[in-house]
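Following: one structure in structure tokens, then a few remarks.
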Amino acid sequence: MRMTKPDQFKHDCEQEIDAISRDANLRLATSDWVKFANLRKYSYHFEFLGRPIIQYPQDIVAMQELVWQVKPDLIIETGIAHGGSLVMSASMLALLDLCDGIESGSTIDPKKSKRKVLGIDIDIRPHNLTAIQDHPMASRIQMIQGSSIDPEVIAKAHKIAASYTRVLVCLDSNHTHAHVLAELHAYAPLVSVGSYCVVFDTIIEDLQAEMFPDRPWEPGNSPKTAVYEFLKTNRQFVIDANVQDKLLITVAPDGYLKRVS
Ligand SMILES: C[S@@+](CC[C@H](N)C(=O)[O-])C[C@H]1O[C@@H](n2cnc3c(N)ncnc32)[C@H](O)[C@@H]1O
């Protein structure tokens, strides 16, 4: 049977991505590129709707695809920094509301929308807090100041999440093995089936220790080692390799975890 044009395009893309993932030259070039870009603090130079976002543009696009696929009503993020990723998540939820409104023929008041972002950070700097609170997306953003692995903070997040049905989680705070593993145990259970727990900066495992002289994490003690440890005993999540195969350039190789049961 002949495929429709959209099906054919999708099929071609899948085959091309598969070929990309097996292209040793491209993988080597990517790995070199990431090493050199990291030395130049590449991920620090972007903004989302006016707020600095510490991500690669490729991962930003991947998050947009996941949000469209999952259509979450709550996104939980650990690690706020300047607020760029919170604003990005909030703006994508606003677009979901806009699309729902267009389909139903009614407008959803952003202040009354159920779709929200919850950000958690141990140190929300006053200038960042003010800028986030003054941002047009602020009505969708709730923040908790405290360590993401503090039992009180975890309990607050669980209480908030209890009134939502489709939850997506992003972990991007302290990148040590122990911290990320504790975050995975605390927040992964909140992820809805079919949704994702995205663990950022797993790339640390693939770089040289000398690149993190003043950090408590390094290869062997990284988000990726935490992911592998977590997956040893957790069958509800799998690594969605399609995301990284497509992106190639990502700070989250083996970090896009899909909840399958
Ligand atoms: C890489 S930045 C987050 C970047 C942000 N997600 C973005 O994309 O723009 C890491 C943040 O984690 C925060 N952090 C460090 N340790 C933490 C902890 N124990 N609990 C919560 N946040 C923590 C830092 O204060 C910092 O703001």
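Residues are referred to by chain and number: the chain letter is A, B, ... according to the order shown in the structure tokens, the number counts from 1 in that chain, and ligands are numbered separately from 1 in the order shown.
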
Residues near Leu207 of chain A, cut-off 10 Å, only C-alpha atoms, skip fewer than 2 positions along chain, as a PDB file with N, CA and C atoms, in the first residue's frame:
```pdb
ATOM      1  N   SER A  31      30.947  15.250  19.144  1.00  0.00           N
ATOM      2  CA  SER A  31      31.600  15.165  20.449  1.00  0.00           C
ATOM      3  C   SER A  31      32.714  16.215  20.557  1.00  0.00           C
ATOM      4  N   ASP A  32      33.474  16.403  19.474  1.00  0.00           N
ATOM      5  CA  ASP A  32      34.513  17.449  19.473  1.00  0.00           C
ATOM      6  C   ASP A  32      33.880  18.820  19.616  1.00  0.00           C
ATOM      7  N   VAL A  34      31.039  19.670  20.935  1.00  0.00           N
ATOM      8  CA  VAL A  34      30.486  19.906  22.275  1.00  0.00           C
ATOM      9  C   VAL A  34      31.602  20.251  23.257  1.00  0.00           C
ATOM     10  N   LYS A  35      32.725  19.536  23.136  1.00  0.00           N
ATOM     11  CA  LYS A  35      33.851  19.825  24.045  1.00  0.00           C
ATOM     12  C   LYS A  35      34.334  21.270  23.872  1.00  0.00           C
ATOM     13  N   ASN A  38      31.701  23.817  25.034  1.00  0.00           N
ATOM     14  CA  ASN A  38      31.594  23.871  26.494  1.00  0.00           C
ATOM     15  C   ASN A  38      32.689  24.757  27.086  1.00  0.00           C
ATOM     16  N   THR A 202      23.539  15.497  31.574  1.00  0.00           N
ATOM     17  CA  THR A 202      24.139  14.153  31.540  1.00  0.00           C
ATOM     18  C   THR A 202      25.436  14.183  30.716  1.00  0.00           C
ATOM     19  N   ILE A 203      25.586  15.215  29.879  1.00  0.00           N
ATOM     20  CA  ILE A 203      26.776  15.357  29.026  1.00  0.00           C
ATOM     21  C   ILE A 203      28.069  15.425  29.850  1.00  0.00           C
ATOM     22  N   ILE A 204      27.935  15.840  31.129  1.00  0.00           N
ATOM     23  CA  ILE A 204      29.128  15.939  32.004  1.00  0.00           C
ATOM     24  C   ILE A 204      29.920  14.626  31.971  1.00  0.00           C
ATOM     25  N   GLU A 205      29.187  13.511  31.920  1.00  0.00           N
ATOM     26  CA  GLU A 205      29.824  12.190  31.927  1.00  0.00           C
ATOM     27  C   GLU A 205      30.730  12.000  30.711  1.00  0.00           C
ATOM     28  N   ALA A 209      37.206  15.714  33.213  1.00  0.00           N
ATOM     29  CA  ALA A 209      37.093  16.222  34.590  1.00  0.00           C
ATOM     30  C   ALA A 209      37.657  17.649  34.689  1.00  0.00           C
ATOM     31  N   GLU A 210      38.711  17.939  33.898  1.00  0.00           N
ATOM     32  CA  GLU A 210      39.353  19.264  33.984  1.00  0.00           C
ATOM     33  C   GLU A 210      38.397  20.396  33.597  1.00  0.00           C
ATOM     34  N   MET A 211      37.309  20.036  32.928  1.00  0.00           N
ATOM     35  CA  MET A 211      36.359  21.080  32.503  1.00  0.00           C
ATOM     36  C   MET A 211      35.514  21.575  33.670  1.00  0.00           C
ATOM     37  N   PHE A 212      35.562  20.863  34.813  1.00  0.00           N
ATOM     38  CA  PHE A 212      34.726  21.253  35.959  1.00  0.00           C
ATOM     39  C   PHE A 212      35.584  21.421  37.212  1.00  0.00           C
ATOM     40  N   GLU A 218      31.644  15.671  38.155  1.00  0.00           N
ATOM     41  CA  GLU A 218      32.657  15.347  37.149  1.00  0.00           C
ATOM     42  C   GLU A 218      32.281  13.986  36.554  1.00  0.00           C
ATOM     43  N   PRO A 219      32.978  13.558  35.500  1.00  0.00           N
ATOM     44  CA  PRO A 219      32.673  12.220  34.982  1.00  0.00           C
ATOM     45  C   PRO A 219      32.807  11.185  36.094  1.00  0.00           C
TER      46      PRO A 219
END
```

Within 7 Å of ligand 1, counting only C-alpha atoms and all ligand atoms, which protein or nucleic acid residues do you find, written as a PDB file with N, CA, C and O atoms, in the first residue's frame?
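Saved the output as result07.pdb:
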```pdb
ATOM      1  N   PRO A  52      17.558  35.084  30.346  1.00  0.00           N
ATOM      2  CA  PRO A  52      18.644  34.152  30.024  1.00  0.00           C
ATOM      3  C   PRO A  52      18.245  32.711  30.336  1.00  0.00           C
ATOM      4  O   PRO A  52      17.681  32.428  31.397  1.00  0.00           O
ATOM      5  N   ILE A  53      18.519  31.836  29.373  1.00  0.00           N
ATOM      6  CA  ILE A  53      18.197  30.408  29.529  1.00  0.00           C
ATOM      7  C   ILE A  53      19.494  29.634  29.318  1.00  0.00           C
ATOM      8  O   ILE A  53      20.180  29.843  28.307  1.00  0.00           O
ATOM      9  N   ILE A  54      19.835  28.774  30.279  1.00  0.00           N
ATOM     10  CA  ILE A  54      21.119  28.076  30.190  1.00  0.00           C
ATOM     11  C   ILE A  54      20.870  26.702  29.562  1.00  0.00           C
ATOM     12  O   ILE A  54      20.820  25.679  30.252  1.00  0.00           O
ATOM     13  N   GLN A  55      20.657  26.701  28.274  1.00  0.00           N
ATOM     14  CA  GLN A  55      20.362  25.471  27.523  1.00  0.00           C
ATOM     15  C   GLN A  55      20.960  25.583  26.133  1.00  0.00           C
ATOM     16  O   GLN A  55      21.245  26.685  25.665  1.00  0.00           O
ATOM     17  N   GLU A  77      10.191  22.122  37.357  1.00  0.00           N
ATOM     18  CA  GLU A  77      11.598  22.277  37.001  1.00  0.00           C
ATOM     19  C   GLU A  77      12.423  22.499  38.251  1.00  0.00           C
ATOM     20  O   GLU A  77      12.102  23.402  39.033  1.00  0.00           O
ATOM     21  N   THR A  78      13.491  21.714  38.428  1.00  0.00           N
ATOM     22  CA  THR A  78      14.439  22.057  39.483  1.00  0.00           C
ATOM     23  C   THR A  78      15.578  22.819  38.813  1.00  0.00           C
ATOM     24  O   THR A  78      16.012  22.455  37.724  1.00  0.00           O
ATOM     25  N   GLY A  79      16.022  23.908  39.448  1.00  0.00           N
ATOM     26  CA  GLY A  79      17.062  24.762  38.872  1.00  0.00           C
ATOM     27  C   GLY A  79      16.451  25.880  38.051  1.00  0.00           C
ATOM     28  O   GLY A  79      16.054  25.704  36.900  1.00  0.00           O
ATOM     29  N   ILE A  80      16.341  27.056  38.682  1.00  0.00           N
ATOM     30  CA  ILE A  80      15.690  28.190  38.008  1.00  0.00           C
ATOM     31  C   ILE A  80      16.714  29.125  37.368  1.00  0.00           C
ATOM     32  O   ILE A  80      16.519  29.601  36.255  1.00  0.00           O
ATOM     33  N   ALA A  81      17.811  29.413  38.078  1.00  0.00           N
ATOM     34  CA  ALA A  81      18.829  30.394  37.639  1.00  0.00           C
ATOM     35  C   ALA A  81      18.179  31.729  37.278  1.00  0.00           C
ATOM     36  O   ALA A  81      17.522  32.340  38.112  1.00  0.00           O
ATOM     37  N   HIS A  82      18.283  32.162  36.008  1.00  0.00           N
ATOM     38  CA  HIS A  82      17.720  33.459  35.599  1.00  0.00           C
ATOM     39  C   HIS A  82      16.248  33.362  35.220  1.00  0.00           C
ATOM     40  O   HIS A  82      15.622  34.373  34.892  1.00  0.00           O
ATOM     41  N   GLY A  83      15.728  32.142  35.157  1.00  0.00           N
ATOM     42  CA  GLY A  83      14.296  31.978  34.875  1.00  0.00           C
ATOM     43  C   GLY A  83      13.951  31.708  33.425  1.00  0.00           C
ATOM     44  O   GLY A  83      12.784  31.559  33.089  1.00  0.00           O
ATOM     45  N   GLY A  84      14.974  31.626  32.556  1.00  0.00           N
ATOM     46  CA  GLY A  84      14.686  31.434  31.131  1.00  0.00           C
ATOM     47  C   GLY A  84      13.923  30.152  30.831  1.00  0.00           C
ATOM     48  O   GLY A  84      12.988  30.144  30.017  1.00  0.00           O
ATOM     49  N   SER A  85      14.291  29.060  31.510  1.00  0.00           N
ATOM     50  CA  SER A  85      13.593  27.799  31.200  1.00  0.00           C
ATOM     51  C   SER A  85      12.176  27.823  31.771  1.00  0.00           C
ATOM     52  O   SER A  85      11.256  27.252  31.181  1.00  0.00           O
ATOM     53  N   ILE A 120      11.806  25.214  41.249  1.00  0.00           N
ATOM     54  CA  ILE A 120      12.399  25.025  42.582  1.00  0.00           C
ATOM     55  C   ILE A 120      13.884  25.361  42.493  1.00  0.00           C
ATOM     56  O   ILE A 120      14.585  24.859  41.610  1.00  0.00           O
ATOM     57  N   ASP A 121      14.345  26.238  43.387  1.00  0.00           N
ATOM     58  CA  ASP A 121      15.777  26.570  43.377  1.00  0.00           C
ATOM     59  C   ASP A 121      16.210  26.899  44.805  1.00  0.00           C
ATOM     60  O   ASP A 121      15.479  27.548  45.553  1.00  0.00           O
ATOM     61  N   ILE A 122      17.407  26.465  45.128  1.00  0.00           N
ATOM     62  CA  ILE A 122      17.934  26.687  46.479  1.00  0.00           C
ATOM     63  C   ILE A 122      18.256  28.164  46.710  1.00  0.00           C
ATOM     64  O   ILE A 122      18.278  28.632  47.851  1.00  0.00           O
ATOM     65  N   ASP A 123      18.493  28.896  45.620  1.00  0.00           N
ATOM     66  CA  ASP A 123      18.933  30.289  45.756  1.00  0.00           C
ATOM     67  C   ASP A 123      18.345  31.120  44.605  1.00  0.00           C
ATOM     68  O   ASP A 123      18.955  31.243  43.549  1.00  0.00           O
ATOM     69  N   ILE A 124      17.164  31.660  44.845  1.00  0.00           N
ATOM     70  CA  ILE A 124      16.557  32.500  43.795  1.00  0.00           C
ATOM     71  C   ILE A 124      17.037  33.925  44.062  1.00  0.00           C
ATOM     72  O   ILE A 124      16.601  34.578  45.021  1.00  0.00           O
ATOM     73  N   GLY A 146      14.339  26.614  48.017  1.00  0.00           N
ATOM     74  CA  GLY A 146      14.802  25.572  48.931  1.00  0.00           C
ATOM     75  C   GLY A 146      15.496  24.502  48.117  1.00  0.00           C
ATOM     76  O   GLY A 146      15.419  24.508  46.886  1.00  0.00           O
ATOM     77  N   SER A 147      16.183  23.593  48.802  1.00  0.00           N
ATOM     78  CA  SER A 147      16.838  22.520  48.060  1.00  0.00           C
ATOM     79  C   SER A 147      15.787  21.570  47.496  1.00  0.00           C
ATOM     80  O   SER A 147      14.832  21.202  48.193  1.00  0.00           O
ATOM     81  N   SER A 148      15.993  21.161  46.272  1.00  0.00           N
ATOM     82  CA  SER A 148      15.020  20.268  45.628  1.00  0.00           C
ATOM     83  C   SER A 148      14.953  18.904  46.297  1.00  0.00           C
ATOM     84  O   SER A 148      14.033  18.140  46.040  1.00  0.00           O
ATOM     85  N   ILE A 149      15.940  18.591  47.152  1.00  0.00           N
ATOM     86  CA  ILE A 149      15.857  17.287  47.831  1.00  0.00           C
ATOM     87  C   ILE A 149      15.508  17.435  49.310  1.00  0.00           C
ATOM     88  O   ILE A 149      15.546  16.454  50.059  1.00  0.00           O
ATOM     89  N   ASP A 172      17.431  20.103  36.636  1.00  0.00           N
ATOM     90  CA  ASP A 172      18.567  20.907  36.161  1.00  0.00           C
ATOM     91  C   ASP A 172      19.103  21.764  37.309  1.00  0.00           C
ATOM     92  O   ASP A 172      19.200  22.974  37.193  1.00  0.00           O
ATOM     93  N   SER A 173      19.424  21.096  38.440  1.00  0.00           N
ATOM     94  CA  SER A 173      19.910  21.891  39.582  1.00  0.00           C
ATOM     95  C   SER A 173      21.347  21.507  39.908  1.00  0.00           C
ATOM     96  O   SER A 173      22.245  21.768  39.106  1.00  0.00           O
ATOM     97  N   ASN A 174      21.568  20.887  41.053  1.00  0.00           N
ATOM     98  CA  ASN A 174      22.894  20.407  41.417  1.00  0.00           C
ATOM     99  C   ASN A 174      23.128  19.109  40.625  1.00  0.00           C
ATOM    100  O   ASN A 174      22.291  18.210  40.659  1.00  0.00           O
TER     101      ASN A 174
END
```

Identify, with DSSP run on backbone atoms, the residues in segment 96-143 of chain A assigned to strand (DSSP E or B), and express the list as a VMD selection string.
chain A and resid 116 to 121 141 to 143

Output file for the residues above (C-alpha atoms, as a short mmCIF file (atom, residue, chain, number, x, y, z; two decimals), in the first residue's frame):
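Result file is part-v3.cif:
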```
data_model
loop_
_atom_site.label_atom_id
_atom_site.label_comp_id
_atom_site.auth_asym_id
_atom_site.auth_seq_id
_atom_site.Cartn_x
_atom_site.Cartn_y
_atom_site.Cartn_z
CA LYS A 116 1.28 26.02 35.37
CA VAL A 117 5.04 25.76 35.86
CA LEU A 118 6.56 25.03 39.25
CA GLY A 119 10.20 26.07 39.66
CA ILE A 120 12.40 25.03 42.58
CA ASP A 121 15.78 26.57 43.38
CA ILE A 141 4.81 30.46 37.25
CA GLN A 142 5.02 29.36 40.87
CA MET A 143 8.37 29.15 42.67
#
```

Write out as a count of residues only the residues lying within 9 Å of His135 of chain A, counting only C-alpha atoms and excluding same-chain residues fewer than 6 positions away.
4

Near segment 162-169 of chain A, counting only C-alpha atoms, which residues have an atom at most 9 Å away, once you skip same-chain residues fewer than 3 positions from it, shown as JSON, numbers by chain?
{"A": [67, 70, 71, 72, 73, 74, 75, 76, 77, 78, 114, 115, 157, 158, 159, 187, 188, 190, 191, 192, 193, 194, 195, 196, 197, 198, 199]}

Restricting the calculation to only C-alpha atoms, which member of A:Thr130, A:Asp214, A:Leu66, A:Lys111 is positioned closest to Leu257 of chain A?
A:Leu66

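Using only C-alpha atoms, the contacts of segment 252-256 of chain A at a cut-off of 9 Å, with sequence neighbours closer than 3 positions omitted, comprise Asp59, Tyr196, Cys197, Val198, Val199, Phe200, Asp201, Thr202, Ile203, Pro223, Lys224, Val227, Tyr228, Val238, Ile239, Asp240, Ala241, Val243, Gln244, Asp245, Leu248 and Ile249 of chain A.
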
Got a sec: who's within 8 Å of Gln236 of chain A, counting only C-alpha atoms, leaving out chain neighbours fewer than 3 positions off, as a ChimeraX atom specification?
/A:259-261

Contacts of Trp217 of chain A at 8 Å or less, counting only C-alpha atoms, minus same-chain residues fewer than 6 places along, as an MDAnalysis selection string?
chainID A and resid 175:177 204

Running DSSP on the backbone, which parts of segment 11-259 of chain A land in alpha helix (DSSP H), as an NGL selection string?
:A and (11-21 or 24-39 or 57-70 or 84-104 or 126-133 or 151-161 or 177-187 or 223-233 or 241-247)

Using only C-alpha atoms, which of the listed residues (A:Leu95, A:Ile108, A:Leu39, A:Leu247) sits closest to Ser21 of chain A?
A:Leu247

Go ahead and compute the interatomic distance for atom CA of Ala186 of chain A and atom CA of Tyr56 of chain A, in Å to one decimal.
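We find that atom CA of Ala186 of chain A and atom CA of Tyr56 of chain A lie 25.8 Å from each other.
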